[in-house]
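Working notes for the structure below.
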Amino acid sequence: MSHFSTLRTKISDAEVLKSSLKDLGISVKNDADVRGYNGQRVRSDIVAVLDGEYDLGWSRNTDGSFDLVADLWGVAKKHNQTELINAINQKYAINKTLAEVKRPGLQNANVKLVVHS
């Protein structure tokens with residue numbers, strides 16, 4: 001029986017996701033195994049290598065979005081999974097916004113980024 005859960009996300013930009021994870025001090029692997037309970041592994045496009053024996057992974061869907069794949073029970077043994085996933089999503093949202101602002105044609109746009117925590 002697999003202990004992995006798959007959760008839909010709003011993440012669609014692999015490069016922004018990887019840079020966001022690195023900004024948070026998390027090691028990133030491409031096309032790698034996500035570690036789960038009792039040595040179980042599942043392949044994902046992007047893997048956040050966490051301290052301990054468990055990882056977070058993101059697998060691309062046909063529509064371009066990513067699903068989060070993880071043994072959430074295992075991740076929760078060493079990390080506050082809600083805080084961790086919220087921190088990743090928040091960093092992704094900020095970096096995605098900044099990347100969009102830097103696109104051609106938007107350099108002169110008057111953009112104010114407000115972050116609520």
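Following the order of the structure tokens, first chain is A, next is B, and so on, with residues numbered from 1 inside each chain and ligands from 1 in the order they appear.
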
Mind checking DSSP for chain A and telling me the strand (DSSP E or B) residues as an MDAnalysis selection string? chainID A and resid 5:8 27:35 41:49 55:60 66:70

When you look at Val75 (chain A) with a cut-off of 9 Å (counting only C-alpha atoms), what residues show up, excluding the ones that are within fewer than 4 positions of it in the same chain? I need them as an MDAnalysis selection string. chainID A and resid 36 50 52:56 70:71 79:81

Output file for the selection above: C-alpha atoms, as a PDB file, in the first residue's frame:
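Just written: again01.pdb:
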```
ATOM      1  CA  GLY A  36       8.487   7.902   1.395  1.00  0.00           C
ATOM      2  CA  LEU A  50      14.161  17.543   2.851  1.00  0.00           C
ATOM      3  CA  GLY A  52      15.143  13.321   7.233  1.00  0.00           C
ATOM      4  CA  GLU A  53      13.832  10.385   5.222  1.00  0.00           C
ATOM      5  CA  TYR A  54      10.996  12.047   3.278  1.00  0.00           C
ATOM      6  CA  ASP A  55      10.789  14.475   0.343  1.00  0.00           C
ATOM      7  CA  LEU A  56       8.273  16.601  -1.535  1.00  0.00           C
ATOM      8  CA  ALA A  70       4.497  13.332  -0.897  1.00  0.00           C
ATOM      9  CA  ASP A  71       4.183  10.976   2.017  1.00  0.00           C
ATOM     10  CA  HIS A  79       8.550  19.277   9.548  1.00  0.00           C
ATOM     11  CA  ASN A  80       5.430  21.341  10.109  1.00  0.00           C
ATOM     12  CA  GLN A  81       4.036  20.354   6.721  1.00  0.00           C
TER      13      GLN A  81
END
```

Need the shell around Tyr92 (chain A): protein/DNA/RNA residues with any atom at most 9 Å away, counting only C-alpha atoms. Skip same-chain ones fewer than 4 positions apart. Format as a PyMOL selection string? chain A and resi 11+13+16-21+87-88+96-97

Based on the selection just made, write N, CA and C atoms of those residues as a short mmCIF file (atom, residue, chain, number, x, y, z; two decimals), in the first residue's frame.
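Heads up, here's the output in out.cif:
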```
data_model
loop_
_atom_site.label_atom_id
_atom_site.label_comp_id
_atom_site.auth_asym_id
_atom_site.auth_seq_id
_atom_site.Cartn_x
_atom_site.Cartn_y
_atom_site.Cartn_z
N ILE A 11 0.72 25.63 -9.16
CA ILE A 11 2.08 25.83 -9.66
C ILE A 11 2.15 25.34 -11.11
N ASP A 13 5.03 26.85 -13.28
CA ASP A 13 6.33 27.27 -13.80
C ASP A 13 7.44 26.54 -13.06
N VAL A 16 10.49 28.73 -11.82
CA VAL A 16 10.16 29.56 -10.65
C VAL A 16 10.03 28.68 -9.41
N LEU A 17 9.46 27.49 -9.55
CA LEU A 17 9.37 26.58 -8.41
C LEU A 17 10.76 26.22 -7.91
N LYS A 18 11.65 25.84 -8.82
CA LYS A 18 13.01 25.44 -8.41
C LYS A 18 13.75 26.59 -7.75
N SER A 19 13.64 27.80 -8.30
CA SER A 19 14.34 28.94 -7.69
C SER A 19 13.72 29.29 -6.34
N SER A 20 12.41 29.09 -6.19
CA SER A 20 11.73 29.36 -4.91
C SER A 20 12.21 28.39 -3.84
N LEU A 21 12.33 27.11 -4.20
CA LEU A 21 12.83 26.11 -3.25
C LEU A 21 14.26 26.46 -2.83
N ALA A 87 4.96 28.08 2.99
CA ALA A 87 6.15 28.88 2.69
C ALA A 87 6.57 28.70 1.23
N ILE A 88 6.52 27.46 0.74
CA ILE A 88 6.88 27.20 -0.67
C ILE A 88 5.89 27.91 -1.60
N LYS A 96 6.95 34.28 -8.93
CA LYS A 96 6.20 34.24 -10.19
C LYS A 96 5.75 35.65 -10.55
N THR A 97 5.28 36.40 -9.57
CA THR A 97 4.88 37.79 -9.81
C THR A 97 6.06 38.62 -10.28
#
```

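Residues surrounding Lys29 (chain A) within 10 Å are Lys18, Ser44, Asp45, Ile46, Val47, Ala48, Val49 and Gly57 of chain A [only C-alpha atoms; sequence separation below 6 positions excluded].
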
Go ahead and write the selection's residues with C-alpha atoms as a PDB file, in the first residue's frame.
```
ATOM      1  CA  LYS A  18      13.007  25.443  -8.413  1.00  0.00           C
ATOM      2  CA  SER A  44       8.618  13.162  -9.876  1.00  0.00           C
ATOM      3  CA  ASP A  45       9.717  15.913 -12.245  1.00  0.00           C
ATOM      4  CA  ILE A  46      10.966  18.158  -9.423  1.00  0.00           C
ATOM      5  CA  VAL A  47      11.980  16.931  -5.954  1.00  0.00           C
ATOM      6  CA  ALA A  48      12.594  19.031  -2.839  1.00  0.00           C
ATOM      7  CA  VAL A  49      15.094  17.020  -0.797  1.00  0.00           C
ATOM      8  CA  GLY A  57       7.829  16.100  -5.268  1.00  0.00           C
TER       9      GLY A  57
END
```

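For the residues A:Ala93, A:Leu98, A:Val69, A:Leu24, ranking by smallest atom-to-atom distance to Lys10 (chain A) using only C-alpha atoms places A:Ala93 first.
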
Could you list, as a PyMOL selection string, every residue within 8 Å of Thr9 (chain A), counting only C-alpha atoms and ignoring same-chain residues fewer than 2 positions away? chain A and resi 7+11+65-68

Grab the residues selected above and save them as a JSON list (two decimals), in the first residue's frame with N, CA and C atoms.
```json
[["chain", "number", "residue", "atom", "x", "y", "z"],
["A", 7, "LEU", "N", -1.67, 15.99, -4.45],
["A", 7, "LEU", "CA", -2.49, 17.18, -4.25],
["A", 7, "LEU", "C", -2.35, 18.11, -5.45],
["A", 11, "ILE", "N", 0.72, 25.63, -9.16],
["A", 11, "ILE", "CA", 2.08, 25.83, -9.66],
["A", 11, "ILE", "C", 2.15, 25.34, -11.11],
["A", 65, "SER", "N", 0.10, 22.20, -15.29],
["A", 65, "SER", "CA", 0.17, 22.42, -13.84],
["A", 65, "SER", "C", 0.93, 21.28, -13.19],
["A", 66, "PHE", "N", 1.27, 21.47, -11.93],
["A", 66, "PHE", "CA", 1.99, 20.44, -11.18],
["A", 66, "PHE", "C", 1.13, 19.94, -10.02],
["A", 67, "ASP", "N", 1.23, 18.63, -9.76],
["A", 67, "ASP", "CA", 0.66, 18.03, -8.56],
["A", 67, "ASP", "C", 1.78, 17.85, -7.54],
["A", 68, "LEU", "N", 1.47, 18.11, -6.29],
["A", 68, "LEU", "CA", 2.40, 17.84, -5.20],
["A", 68, "LEU", "C", 2.25, 16.37, -4.81]]
```

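Among the candidate residues A:Lys102, A:Lys77, A:Arg60, A:His3, the one lying nearest to Asp31 (chain A) is A:Arg60, with distances computed using only C-alpha atoms.
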
Suppose you want the space between CA of Lys78 (chain A) and CA of Asn61 (chain A); what is it in Å? 28.4 Å
